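Text of run34.txt, listed as compact mmCIF, C-alpha atoms:
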```txt
# COMPACT_ATOMS: atom_id res chain seq x y z
CA MET A 1 -7.30 -9.91 -13.90
CA LYS A 2 -6.03 -7.05 -11.77
CA THR A 3 -3.89 -7.88 -8.76
CA HIS A 4 -3.29 -5.54 -5.80
CA TYR A 5 -1.15 -6.16 -2.72
CA TYR A 6 -1.76 -4.11 0.44
CA LEU A 7 1.33 -4.83 2.53
CA GLY A 8 2.33 -4.06 6.09
CA TRP A 9 6.06 -3.84 6.79
CA PHE A 10 8.66 -6.60 6.88
CA ASP A 11 11.78 -6.46 9.03
CA ASN A 12 13.85 -8.64 6.71
CA PHE A 13 11.92 -10.24 3.87
CA PHE A 14 8.53 -11.51 2.80
CA PRO A 15 7.11 -14.38 4.90
CA GLU A 16 7.32 -17.77 3.20
CA ASN A 17 3.68 -17.96 2.06
CA LEU A 18 3.81 -14.46 0.60
CA GLY A 19 7.17 -15.11 -1.03
CA ARG A 20 5.63 -18.15 -2.69
CA VAL A 21 2.63 -16.45 -4.34
CA LEU A 22 4.24 -13.15 -5.34
CA PRO A 23 6.47 -14.64 -8.07
CA GLU A 24 3.41 -16.42 -9.48
CA ASP A 25 1.54 -13.10 -9.73
CA ILE A 26 4.48 -11.03 -10.98
CA THR A 27 5.31 -12.69 -14.29
CA ASP A 28 6.03 -9.54 -16.33
CA ARG A 29 9.30 -8.13 -14.99
CA LYS A 30 10.29 -5.49 -17.48
CA SER A 31 9.86 -2.41 -15.29
CA LEU A 32 9.30 -1.58 -11.61
CA ALA A 33 7.91 1.89 -10.85
CA MET A 34 8.38 2.94 -7.22
CA ILE A 35 6.44 5.97 -5.95
CA SER A 36 8.08 7.82 -3.09
CA SER A 37 6.25 8.82 0.07
CA ASN A 38 8.87 11.50 0.74
CA PRO A 39 9.33 12.84 -2.79
CA SER A 40 11.55 15.76 -1.75
CA ILE A 41 13.92 13.51 0.25
CA TYR A 42 15.96 11.89 -2.48
CA GLU A 43 17.76 9.52 -0.12
CA ASP A 44 14.45 7.69 0.36
CA ASP A 45 15.01 5.41 -2.60
CA GLY A 46 12.91 2.35 -1.74
CA ALA A 47 15.98 0.22 -0.98
CA THR A 48 14.18 -1.70 1.79
CA GLU A 49 11.10 -2.50 -0.28
CA ARG A 50 13.30 -3.45 -3.24
CA SER A 51 15.30 -5.80 -1.00
CA TRP A 52 12.10 -7.73 -0.19
CA LEU A 53 11.54 -8.34 -3.90
CA ASP A 54 15.20 -9.27 -4.40
CA GLN A 55 14.98 -11.78 -1.55
CA ALA A 56 11.94 -13.35 -3.23
CA GLY A 57 13.89 -13.64 -6.48
CA ILE A 58 11.80 -11.00 -8.25
CA MET A 59 14.16 -8.87 -10.37
CA PHE A 60 13.32 -6.33 -13.06
CA ASP A 61 15.04 -5.14 -16.22
CA GLU A 62 14.42 -1.51 -15.24
CA TYR A 63 13.92 0.27 -11.92
CA HIS A 64 12.35 3.72 -11.70
CA LEU A 65 11.88 5.92 -8.61
CA ILE A 66 9.21 8.60 -8.98
CA ASN A 67 9.87 11.68 -6.86
CA TYR A 68 10.34 15.41 -7.48
CA ARG A 69 13.46 14.69 -9.55
CA VAL A 70 11.15 13.21 -12.19
CA GLN A 71 9.04 15.51 -14.35
CA LYS A 72 5.28 15.02 -14.10
CA GLU A 73 4.95 13.93 -17.75
CA ASP A 74 7.82 11.45 -17.37
CA ALA A 75 6.21 10.04 -14.22
CA GLN A 76 3.02 9.39 -16.17
CA THR A 77 4.99 7.54 -18.86
CA ILE A 78 6.83 5.43 -16.28
CA ILE A 79 3.49 4.40 -14.74
CA GLN A 80 2.00 3.54 -18.12
CA ASN A 81 4.96 1.30 -19.00
CA ALA A 82 5.37 -0.37 -15.60
CA SER A 83 5.03 -4.11 -15.03
CA VAL A 84 4.70 -3.50 -11.29
CA ILE A 85 3.84 -0.27 -9.47
CA PHE A 86 5.07 -0.09 -5.86
CA LEU A 87 3.88 2.71 -3.55
CA LEU A 88 6.60 2.98 -0.94
CA GLY A 89 6.15 3.25 2.81
CA GLY A 90 6.82 6.36 4.87
CA ASN A 91 4.77 9.54 5.03
CA ILE A 92 1.11 8.95 4.10
CA LEU A 93 0.14 12.61 3.75
CA ASN A 94 3.19 13.56 1.66
CA GLN A 95 2.54 10.66 -0.68
CA ASN A 96 -1.16 11.51 -0.90
CA ARG A 97 -0.35 15.09 -1.87
CA PHE A 98 2.25 13.92 -4.39
CA LEU A 99 -0.22 11.54 -6.06
CA MET A 100 -2.66 14.43 -6.51
CA GLU A 101 -0.04 16.94 -7.60
CA TYR A 102 1.38 14.60 -10.25
CA GLU A 103 -2.11 13.31 -11.19
CA LEU A 104 -0.94 9.71 -10.82
CA SER A 105 -4.06 8.10 -9.37
CA ASP A 106 -5.98 7.74 -12.64
CA SER A 107 -2.89 6.40 -14.41
CA ILE A 108 -2.43 3.79 -11.69
CA LYS A 109 -6.11 2.79 -11.84
CA ARG A 110 -5.95 2.38 -15.62
CA SER A 111 -2.75 0.33 -15.50
CA SER A 112 -2.80 -3.43 -15.93
CA ALA A 113 0.34 -3.70 -13.77
CA VAL A 114 0.41 -5.47 -10.43
CA VAL A 115 0.07 -2.67 -7.86
CA MET A 116 1.68 -2.98 -4.43
CA GLY A 117 1.88 -0.67 -1.45
CA ALA A 118 3.74 -0.98 1.83
CA SER A 119 2.39 0.67 4.98
CA ALA A 120 1.71 4.29 3.85
CA GLY A 121 1.60 3.09 0.25
CA ALA A 122 -1.02 0.47 1.06
CA ILE A 123 -3.16 3.05 2.85
CA ASN A 124 -3.02 5.39 -0.14
CA MET A 125 -4.04 2.57 -2.50
CA SER A 126 -7.35 2.22 -0.68
CA ALA A 127 -10.55 4.14 -1.41
CA LYS A 128 -10.57 6.19 1.80
CA TRP A 129 -8.51 6.31 4.97
CA LEU A 130 -8.68 8.00 8.35
CA CYS A 131 -5.90 10.44 9.17
CA SER A 132 -5.59 10.65 12.96
CA LYS A 133 -2.94 11.67 15.47
CA ASN A 134 -3.91 8.53 17.40
CA PHE A 135 -2.44 6.58 14.47
CA GLY A 136 0.74 8.64 14.55
CA ASP A 137 -0.23 11.12 11.83
CA GLU A 138 1.01 14.66 12.35
CA VAL A 139 -2.41 16.33 12.52
CA GLU A 140 -4.54 17.88 15.24
CA MET A 141 -7.95 17.04 13.80
CA SER A 142 -8.92 13.63 12.45
CA SER A 143 -10.21 13.63 8.88
CA VAL A 144 -10.93 11.18 6.08
CA TYR A 145 -8.81 11.36 2.93
CA ASP A 146 -9.43 9.89 -0.49
CA GLY A 147 -6.90 7.36 -1.68
CA ILE A 148 -6.38 6.03 -5.21
CA GLY A 149 -9.41 3.78 -4.84
CA LEU A 150 -8.08 0.61 -6.46
CA ASP A 151 -10.60 -1.35 -4.38
CA ASN A 152 -13.67 -0.15 -2.54
CA PHE A 153 -12.41 -0.52 1.01
CA SER A 154 -10.19 1.27 3.51
CA VAL A 155 -6.86 0.09 4.93
CA LEU A 156 -5.00 0.65 8.18
CA SER A 157 -1.60 -0.90 7.62
CA HIS A 158 1.47 -1.49 9.80
CA PHE A 159 -0.12 -0.45 13.10
CA ASP A 160 0.37 -2.12 16.51
CA LEU A 161 -3.09 -3.64 16.53
CA GLU A 162 -2.62 -6.25 19.22
CA ASN A 163 -1.98 -3.61 21.89
CA ASN A 164 -4.47 -1.07 20.52
CA ILE A 165 -7.56 -2.99 19.42
CA ALA A 166 -9.95 -0.84 21.48
CA LEU A 167 -8.40 2.39 20.12
CA VAL A 168 -8.50 1.14 16.53
CA HIS A 169 -12.09 -0.02 16.91
CA SER A 170 -13.31 3.30 18.34
CA GLU A 171 -11.37 5.43 15.84
CA LEU A 172 -12.47 3.50 12.78
CA SER A 173 -16.02 2.66 13.84
CA PRO A 174 -17.66 5.70 12.14
CA LEU A 175 -15.87 5.12 8.82
CA SER A 176 -16.66 1.38 8.99
CA LYS A 177 -20.35 2.21 8.69
CA GLU A 178 -19.82 3.40 5.12
CA ILE A 179 -16.90 1.27 3.94
CA ASN A 180 -15.18 -1.97 5.01
CA ILE A 181 -11.78 -1.52 6.65
CA TYR A 182 -8.92 -4.02 6.64
CA ALA A 183 -6.55 -3.39 9.56
CA SER A 184 -3.24 -5.19 9.87
CA ASN A 185 0.07 -5.14 11.66
CA LYS A 186 3.48 -5.20 10.03
CA ASP A 187 4.14 -8.77 8.80
CA CYS A 188 0.80 -8.92 6.99
CA ALA A 189 -0.78 -8.49 3.60
CA VAL A 190 -4.12 -8.31 1.85
CA ARG A 191 -4.17 -9.50 -1.76
CA VAL A 192 -6.99 -8.64 -4.14
CA LYS A 193 -6.95 -10.75 -7.30
CA GLY A 194 -9.99 -10.22 -9.47
CA ASP A 195 -12.96 -10.62 -7.11
CA LYS A 196 -11.05 -12.68 -4.52
CA ILE A 197 -9.53 -11.25 -1.35
CA ASP A 198 -6.78 -13.21 0.43
CA VAL A 199 -5.14 -12.36 3.75
CA PHE A 200 -1.72 -13.14 5.20
CA GLY A 201 -0.87 -12.73 8.87
CA ASN A 202 -3.01 -10.99 11.51
CA VAL A 203 -5.61 -9.06 9.57
CA TYR A 204 -8.86 -7.71 11.03
CA LEU A 205 -12.02 -6.67 9.22
CA ILE A 206 -13.96 -3.73 10.66
CA SER A 207 -17.43 -3.46 9.15
CA ASN A 208 -20.51 -1.67 10.48
CA SER A 209 -18.65 -1.01 13.76
CA LYS A 210 -17.95 -4.73 14.30
CA ILE A 211 -14.39 -6.05 14.34
CA GLN A 212 -13.34 -9.62 13.59
CA LYS A 213 -10.02 -11.35 13.00
CA LEU A 214 -9.84 -12.98 9.60
CA ASP A 215 -8.48 -16.45 8.93
CA GLU A 216 -5.39 -16.63 6.75
CA THR A 217 -6.30 -17.89 3.29
CA LEU A 218 -2.87 -18.59 1.82
```
Written as structure tokens, how would this file's structure read?
Amino acid sequence: MKTHYYLGWFDNFFPENLGRVLPEDITDRKSLAMISSNPSIYEDDGATERSWLDQAGIMFDEYHLINYRVQKEDAQTIIQNASVIFLLGGNILNQNRFLMEYELSDSIKRSSAVVMGASAGAINMSAKWLCSKNFGDEVEMSSVYDGIGLDNFSVLSHFDLENNIALVHSELSPLSKEINIYASNKDCAVRVKGDKIDVFGNVYLISNSKIQKLDETL
């Protein structure tokens, strides 16, 4: 049963309910593969995201950071052998380009590892996502990008929803007519386990131009 976590951002560590279920899902702890969102900035080493796992008591025998220091073939091998794949937060477009350049998407989709993404990483895990300057992306024209497509929905993660509901609704309304969108703020998560979708924190579903707040399920 494949398990995917679409995370927001956490200032210190995972909330209690999330910290309770993650160790139950992550039982194989041989290797953690972290995929950079700024692959040419080697100082971006995933220390924050790794600290969340440490705080939850989830340690691995091996830790791998995939960026431009790693050869493409080696990156593929790291993904294939990973117990958990973690797409790091940061720059969505840079990470999207890196995934295509290193041809990592298919390897991630084929993997039986638990796949996690924080903020930008969560967005790139989804099937499609809207790139817009109104969401802070450095573009002039809004456009829809393909993500890895682990699940057939779109994600807007780690965005100040509470103060921008009208903006989010209007921006995402066209895309919501062809694909469901899960929008969340920072201390939130969407977990897909098999056919079941669970939500943590303030998560909204935008579908066919309608927006509704979802009840927490864990």
Output, as AutoDock Vina command-line options, the centre and edge lengths in Å (one decimal) of the axis-aligned box that contains all listed atoms of region 48-66 of chain A with 3 Å of margin on each side.
```
--center_x 12.3 --center_y -2.5 --center_z -7.2 --size_x 12.1 --size_y 28.2 --size_z 24.0
```
Take CA of Leu32 (chain A) and CA of Leu130 (chain A) and report the distance between them in Å, one decimal.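 It comes out at 28.5 Å.
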Quick one: everything within 10 Å of Gly121 (chain A), counting all atoms listed in the file, minus sequence neighbours fewer than 4 positions away in the same chain. Send it as a PyMOL selection string. chain A and resi 6-8+35-37+86-92+95-96+116-117+125-126+147+157
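Residue nearest Ala82 (chain A), chosen from A:Ser105, A:Ser31, A:Ser119, A:Asn124 and counting only C-alpha atoms: A:Ser31.
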List as a PyMOL selection string the protein and nucleic acid residues near Val155 (chain A), meaning an atom at most 6 Å away when all atoms listed in the file are counted, but skip any in the same chain fewer than 3 places from it. chain A and resi 123+181-183
